[in-house]
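Comments concern the structure below.
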Amino acid sequence: MAIITEEPDARSPLKQRKPLKPTSKPSQSTAPKPIKSTKTTNATNPFHFWFYFTISVSLVTLIFMILSSLYPQDPKTWFLGLPLNLRQHYAKGRNIKVQTAPNQPQIEVFAIQEGPSKSSDQVLIVHGLGCSSFAFQKVVNFLGVRGVHAVAIDLPGSGFSDKTIVVEEEHVDDGVLGRLKDMYNEIQEKGIFWGFDQLVEQGYVNYEENKIRVSKRNVVKAVDLGPEEIGKVLGQVIDTMGLSPVDLVLHDSALGLTANWVSENRGLLRSVVVLDSAPTGTALPLWVLEMPVLRDAVLGLGFAFRRLLGTCCSRSVGNLEAEGHRILLKGRDGRRAVVGMGKSLNCSFDLNEWAALDGVKGLPMQVIWSDALSKEWTEEGRQVADAIPQAKFVSHSGGRWPQEHNSEKIAESIYQFVSSLPKNVKQTEEPVPEHVQKMFDEAKSGNHHHHHGHDSHGHEHDHGHGHAHAGYMDAYGLGQEWAM
């Protein structure tokens, strides 16, 4: 019995000690576990940063989208918030009213001008899409100093010209919402007491349910004119300002917008200058202005827009200049107008066929092209000049949009070209009609037969005649001052 009882007593301590070893091992192995978990949390911190950064950028972009949608609704606030350089630019210009169709409202076109209005050289500068006369201030000033009457306009939808018009449209009201709207309009017209009486007497408001209702409402639309309408605008500007025959300067996409008008109105033109104007496409990429998020970021952030101009339009652009372009493009729904006009560009425009038209052949032309952007762009300028046999090719060191440092070079090239052309014989200086000239001749011959007292009077009349002659023609629409 003693042996049997001793064996379990000897083994029991061993059985009790064995479980102690594994209990001590887990304690040693579990010690570094918190260290591994801290390393894992540290590794996830960059992802947290980028997550919050993305959320922040999205919120900022959303704010810009909301502000941009509200911005065009208050033109007065927009104008009062203009920087000094834009206010000075606006103060130098004038508005010209044009009309593209009889049933359409008039559009105000902004224009700046320098130089004597009676100059024999009349230059009209037409900018490309996304640009404005703001970029040609220096060019116009330099030409004016050289004795050229230089004019730069803002195309409708750009710069300080009208960018939106109010159009009355007919709308057929149908469906439940349409009926409710009709009921509301009828109550508003006849009074709330009439509606209350209808409800008391009949239990409903009686109105003509089956009648087709056509309502008229005013809709604000962007001024996105096509080439035909742009041609009408140019014709009316030239007629209003008395610029015919004019030296037309076409910048960037203006060549594609006005090519048909140029070929059909040779009598209004003396020459054409192609200024970095490719047959198709624009310097400012319009697809950037179409993408919802990207367009708000570019037009909402000054440094982003300046970077875009420096990449596509100008080699170097100052902060104030870039900010001016951004404000003019963004304000008063200008972006939507420019994008709409870009869609009307003729992508299949053939420069060789256009240059061979009867209205273009023999028309003096000059091609002014940037040779500082890239070899491809310089080569394209050579191809444009080769497609127009009579064109003279001149290069400059700026970008596709005029810059302050090369504006004088561009203006000098334009001046040298237009001053080499035959002097203008303006339509406003046509010969005097025969019966009017006969009256002048009789008056002159009669003065020679008068006595000395009348001679003195006749001399004054004859001397005044030299000055009043133009004024007399002005009354008949034959003088320069009448045209202005």
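Here's how to read the names in the structure tokens: chain A, B, ... by the order shown, residue numbers from 1 in each chain, ligand numbers from 1 in the order shown.
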DSSP on the backbone, strand (DSSP E or B) only: what residues of segment 334-428 of chain A does that give? Format it as an MDAnalysis selection string.
chainID A and resid 365:370 391:396
Polymer residues at most 10 Å from segment 289-294 of chain A, only C-alpha atoms, same-chain spacing of 3 or more positions, as an MDAnalysis selection string:
chainID A and resid 58 61:62 64:65 130 284:286 297:300 329:330 335:336 338:340
Export of the given selection (C-alpha atoms) as a PDB file, in the first residue's frame:
ATOM      1  CA  SER A  58     -13.204  68.878 -52.515  1.00  0.00           C
ATOM      2  CA  THR A  61     -13.733  73.282 -55.011  1.00  0.00           C
ATOM      3  CA  LEU A  62     -17.390  73.030 -54.037  1.00  0.00           C
ATOM      4  CA  PHE A  64     -15.687  77.862 -55.760  1.00  0.00           C
ATOM      5  CA  MET A  65     -18.393  76.181 -57.814  1.00  0.00           C
ATOM      6  CA  GLY A 130     -10.710  83.864 -74.502  1.00  0.00           C
ATOM      7  CA  LEU A 284      -6.414  79.040 -74.797  1.00  0.00           C
ATOM      8  CA  PRO A 285      -7.599  75.414 -74.538  1.00  0.00           C
ATOM      9  CA  LEU A 286     -11.371  75.631 -74.374  1.00  0.00           C
ATOM     10  CA  ALA A 297     -10.362  75.620 -60.126  1.00  0.00           C
ATOM     11  CA  VAL A 298      -8.650  77.421 -63.033  1.00  0.00           C
ATOM     12  CA  LEU A 299     -10.970  80.437 -63.054  1.00  0.00           C
ATOM     13  CA  GLY A 300     -11.235  80.548 -59.267  1.00  0.00           C
ATOM     14  CA  LEU A 329     -13.165  85.729 -68.730  1.00  0.00           C
ATOM     15  CA  LYS A 330     -14.960  84.646 -65.576  1.00  0.00           C
ATOM     16  CA  ARG A 335     -16.819  81.484 -69.837  1.00  0.00           C
ATOM     17  CA  ARG A 336     -20.074  80.047 -71.180  1.00  0.00           C
ATOM     18  CA  VAL A 338     -16.546  81.754 -75.091  1.00  0.00           C
ATOM     19  CA  VAL A 339     -17.141  78.003 -74.953  1.00  0.00           C
ATOM     20  CA  GLY A 340     -20.296  78.384 -77.048  1.00  0.00           C
TER      21      GLY A 340
END
Please extract the residues of segment 227-438 of chain A with a backbone DSSP assignment of helix (DSSP H, G or I) and present them as a PyMOL selection string.
chain A and resi 227-241+254-264+266-268+286-289+292-300+302-312+319-343+351-355+375-387+407-419+427-429+434-438
Could you list, as a count of residues only, every residue within 6 Å of segment 254-263 of chain A, counting only C-alpha atoms and ignoring same-chain residues fewer than 5 positions away?
6
One decimal, Å: what's the distance from atom CA of Ala391 of chain A over to atom CA of Gln366 of chain A, could you say?
4.8 Å
Residues at most 6 Å from segment 152-160 of chain A, counting only C-alpha atoms, excluding those fewer than 6 positions away in the same chain, as a ChimeraX atom specification?
/A:110-112,124-125,132-133,223,328,334,337
Suppose we keep all heavy atoms; can you now write the selection as a tab-separated table (two decimals), in the first residue's frame?
chain	number	residue	atom	x	y	z
A	110	PHE	N	-17.78	96.75	-76.87
A	110	PHE	CA	-16.81	97.68	-76.29
A	110	PHE	C	-15.63	97.85	-77.24
A	110	PHE	O	-15.17	96.88	-77.86
A	110	PHE	CB	-16.32	97.14	-74.95
A	110	PHE	CG	-15.31	98.02	-74.27
A	110	PHE	CD1	-15.70	99.16	-73.59
A	110	PHE	CD2	-13.96	97.70	-74.31
A	110	PHE	CE1	-14.76	99.97	-72.96
A	110	PHE	CE2	-13.02	98.49	-73.68
A	110	PHE	CZ	-13.42	99.64	-73.01
A	111	ALA	N	-15.14	99.08	-77.36
A	111	ALA	CA	-14.02	99.37	-78.26
A	111	ALA	C	-13.13	100.44	-77.66
A	111	ALA	O	-13.61	101.37	-77.00
A	111	ALA	CB	-14.54	99.83	-79.62
A	112	ILE	N	-11.83	100.31	-77.89
A	112	ILE	CA	-10.86	101.35	-77.54
A	112	ILE	C	-10.22	101.83	-78.83
A	112	ILE	O	-10.11	101.08	-79.81
A	112	ILE	CB	-9.78	100.82	-76.57
A	112	ILE	CG1	-9.02	99.64	-77.18
A	112	ILE	CG2	-10.40	100.44	-75.24
A	112	ILE	CD1	-7.83	99.19	-76.35
A	124	LEU	N	-8.26	97.94	-87.52
A	124	LEU	CA	-9.23	97.32	-86.61
A	124	LEU	C	-8.68	95.97	-86.17
A	124	LEU	O	-8.41	95.09	-86.98
A	124	LEU	CB	-10.58	97.13	-87.30
A	124	LEU	CG	-11.65	96.38	-86.50
A	124	LEU	CD1	-11.98	97.14	-85.21
A	124	LEU	CD2	-12.91	96.17	-87.33
A	125	ILE	N	-8.50	95.81	-84.85
A	125	ILE	CA	-7.94	94.58	-84.27
A	125	ILE	C	-9.07	93.74	-83.70
A	125	ILE	O	-9.86	94.22	-82.89
A	125	ILE	CB	-6.91	94.91	-83.17
A	125	ILE	CG1	-5.79	95.79	-83.75
A	125	ILE	CG2	-6.34	93.65	-82.57
A	125	ILE	CD1	-4.79	96.26	-82.70
A	132	SER	N	-9.19	89.48	-75.23
A	132	SER	CA	-10.01	90.69	-75.31
A	132	SER	C	-9.12	91.85	-75.72
A	132	SER	O	-7.90	91.70	-75.90
A	132	SER	CB	-10.69	90.99	-73.97
A	132	SER	OG	-9.74	91.33	-72.99
A	133	SER	N	-9.72	93.03	-75.87
A	133	SER	CA	-8.95	94.22	-76.21
A	133	SER	C	-7.99	94.61	-75.10
A	133	SER	O	-7.07	95.40	-75.33
A	133	SER	CB	-9.90	95.39	-76.50
A	133	SER	OG	-10.66	95.71	-75.33
A	223	VAL	N	-24.21	85.05	-74.95
A	223	VAL	CA	-24.02	85.53	-76.32
A	223	VAL	C	-22.94	84.68	-76.98
A	223	VAL	O	-21.74	84.98	-76.89
A	223	VAL	CB	-23.61	87.02	-76.32
A	223	VAL	CG1	-23.45	87.53	-77.75
A	223	VAL	CG2	-24.65	87.86	-75.60
A	328	LEU	N	-12.01	89.12	-66.54
A	328	LEU	CA	-12.83	89.37	-67.72
A	328	LEU	C	-13.41	88.08	-68.28
A	328	LEU	O	-14.54	88.07	-68.79
A	328	LEU	CB	-12.00	90.07	-68.79
A	328	LEU	CG	-11.58	91.51	-68.49
A	328	LEU	CD1	-10.68	92.05	-69.58
A	328	LEU	CD2	-12.80	92.41	-68.32
A	334	GLY	N	-18.91	85.03	-68.86
A	334	GLY	CA	-18.09	85.06	-70.07
A	334	GLY	C	-17.57	83.70	-70.47
A	334	GLY	O	-17.38	83.42	-71.66
A	337	ALA	N	-20.06	81.94	-72.72
A	337	ALA	CA	-20.13	82.55	-74.05
A	337	ALA	C	-18.94	82.14	-74.91
A	337	ALA	O	-19.09	81.83	-76.09
A	337	ALA	CB	-20.19	84.07	-73.91
Nearest candidate to Pro389 of chain A (options A:Ile414, A:Ala355, A:Leu421, A:Ile238; using only C-alpha atoms)
A:Ala355
Please determine, counting only C-alpha atoms, which residue among A:Glu321, A:Asp121, A:Asp276, A:Glu353 has the shortest atom-to-atom distance to Gln137 of chain A.
A:Glu321
Compile the contact shell of Trp369 of chain A as number ranges by chain: residues with an atom at most 10 Å away, counting only C-alpha atoms, same-chain residues fewer than 6 positions apart removed.
A: 274-278, 377-382, 384-385, 393-400, 410
Please produce a file of the residues just selected, as a PDB file, in the first residue's frame, where the atoms kept are N, CA and C atoms.
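Written output follows (part.pdb):
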ATOM      1  N   VAL A 274      -2.553  88.699 -90.301  1.00  0.00           N
ATOM      2  CA  VAL A 274      -2.798  87.463 -89.553  1.00  0.00           C
ATOM      3  C   VAL A 274      -1.786  87.413 -88.411  1.00  0.00           C
ATOM      4  N   LEU A 275      -2.270  87.551 -87.176  1.00  0.00           N
ATOM      5  CA  LEU A 275      -1.412  87.611 -86.000  1.00  0.00           C
ATOM      6  C   LEU A 275      -1.543  86.319 -85.196  1.00  0.00           C
ATOM      7  N   ASP A 276      -0.587  85.415 -85.358  1.00  0.00           N
ATOM      8  CA  ASP A 276      -0.598  84.136 -84.643  1.00  0.00           C
ATOM      9  C   ASP A 276      -1.973  83.497 -84.704  1.00  0.00           C
ATOM     10  N   SER A 277      -2.553  83.505 -85.882  1.00  0.00           N
ATOM     11  CA  SER A 277      -3.921  83.030 -86.073  1.00  0.00           C
ATOM     12  C   SER A 277      -3.902  81.743 -86.868  1.00  0.00           C
ATOM     13  N   ALA A 278      -4.004  80.619 -86.163  1.00  0.00           N
ATOM     14  CA  ALA A 278      -4.036  79.320 -86.817  1.00  0.00           C
ATOM     15  C   ALA A 278      -5.393  79.120 -87.487  1.00  0.00           C
ATOM     16  N   TRP A 377       5.386  75.309 -83.789  1.00  0.00           N
ATOM     17  CA  TRP A 377       4.567  76.503 -83.974  1.00  0.00           C
ATOM     18  C   TRP A 377       5.182  77.428 -85.023  1.00  0.00           C
ATOM     19  N   THR A 378       6.488  77.559 -85.034  1.00  0.00           N
ATOM     20  CA  THR A 378       7.145  78.373 -86.060  1.00  0.00           C
ATOM     21  C   THR A 378       6.928  77.792 -87.439  1.00  0.00           C
ATOM     22  N   GLU A 379       6.985  76.478 -87.560  1.00  0.00           N
ATOM     23  CA  GLU A 379       6.764  75.823 -88.846  1.00  0.00           C
ATOM     24  C   GLU A 379       5.324  76.020 -89.313  1.00  0.00           C
ATOM     25  N   GLU A 380       4.383  76.002 -88.377  1.00  0.00           N
ATOM     26  CA  GLU A 380       2.986  76.240 -88.755  1.00  0.00           C
ATOM     27  C   GLU A 380       2.808  77.653 -89.294  1.00  0.00           C
ATOM     28  N   GLY A 381       3.527  78.608 -88.734  1.00  0.00           N
ATOM     29  CA  GLY A 381       3.461  79.967 -89.250  1.00  0.00           C
ATOM     30  C   GLY A 381       3.994  80.058 -90.674  1.00  0.00           C
ATOM     31  N   ARG A 382       5.061  79.326 -90.960  1.00  0.00           N
ATOM     32  CA  ARG A 382       5.591  79.300 -92.323  1.00  0.00           C
ATOM     33  C   ARG A 382       4.580  78.695 -93.294  1.00  0.00           C
ATOM     34  N   VAL A 384       1.321  78.775 -92.970  1.00  0.00           N
ATOM     35  CA  VAL A 384       0.251  79.747 -93.170  1.00  0.00           C
ATOM     36  C   VAL A 384       0.676  80.801 -94.194  1.00  0.00           C
ATOM     37  N   ALA A 385       1.903  81.269 -94.086  1.00  0.00           N
ATOM     38  CA  ALA A 385       2.405  82.265 -95.036  1.00  0.00           C
ATOM     39  C   ALA A 385       2.524  81.685 -96.442  1.00  0.00           C
ATOM     40  N   PHE A 393       5.871  87.624 -94.391  1.00  0.00           N
ATOM     41  CA  PHE A 393       6.057  86.926 -93.111  1.00  0.00           C
ATOM     42  C   PHE A 393       7.005  87.724 -92.220  1.00  0.00           C
ATOM     43  N   VAL A 394       6.553  87.973 -90.970  1.00  0.00           N
ATOM     44  CA  VAL A 394       7.353  88.674 -89.963  1.00  0.00           C
ATOM     45  C   VAL A 394       7.220  87.906 -88.658  1.00  0.00           C
ATOM     46  N   SER A 395       8.316  87.767 -87.928  1.00  0.00           N
ATOM     47  CA  SER A 395       8.299  87.024 -86.661  1.00  0.00           C
ATOM     48  C   SER A 395       8.471  87.978 -85.481  1.00  0.00           C
ATOM     49  N   HIS A 396       8.060  87.492 -84.328  1.00  0.00           N
ATOM     50  CA  HIS A 396       8.271  88.240 -83.087  1.00  0.00           C
ATOM     51  C   HIS A 396       8.636  87.254 -81.984  1.00  0.00           C
ATOM     52  N   SER A 397       9.091  87.768 -80.849  1.00  0.00           N
ATOM     53  CA  SER A 397       9.663  86.930 -79.798  1.00  0.00           C
ATOM     54  C   SER A 397       8.709  86.680 -78.631  1.00  0.00           C
ATOM     55  N   GLY A 398       7.437  87.018 -78.783  1.00  0.00           N
ATOM     56  CA  GLY A 398       6.489  86.832 -77.694  1.00  0.00           C
ATOM     57  C   GLY A 398       5.716  85.537 -77.814  1.00  0.00           C
ATOM     58  N   GLY A 399       4.589  85.475 -77.129  1.00  0.00           N
ATOM     59  CA  GLY A 399       3.723  84.315 -77.173  1.00  0.00           C
ATOM     60  C   GLY A 399       2.590  84.516 -78.165  1.00  0.00           C
ATOM     61  N   ARG A 400       1.585  83.654 -78.066  1.00  0.00           N
ATOM     62  CA  ARG A 400       0.450  83.734 -78.979  1.00  0.00           C
ATOM     63  C   ARG A 400      -0.501  84.864 -78.606  1.00  0.00           C
ATOM     64  N   ILE A 410       5.197  94.215 -82.249  1.00  0.00           N
ATOM     65  CA  ILE A 410       4.027  93.862 -83.058  1.00  0.00           C
ATOM     66  C   ILE A 410       3.435  95.110 -83.701  1.00  0.00           C
TER      67      ILE A 410
END
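The residue that comes closest to Cys312 of chain A, out of A:Ser374, A:Asn141, A:Ser348, A:Ser407 and on the basis of only C-alpha atoms, is A:Ser374.
The space separating atom CA of Arg266 of chain A from atom CA of Ala356 of chain A comes to 13.6 Å.
Neighbouring residues of Ser420 of chain A at 12 Å or closer, counting only C-alpha atoms and skipping chain neighbours under 5 positions away, are Ser120, Asp121, Asp247, Arg270, Ser271, Pro364, Met365, Gln366, Ser413, Ile414 and Tyr415 of chain A.
Pairwise distance (atom CA of Ser419 of chain A, atom CA of Tyr90 of chain A) equals 29.0 Å.
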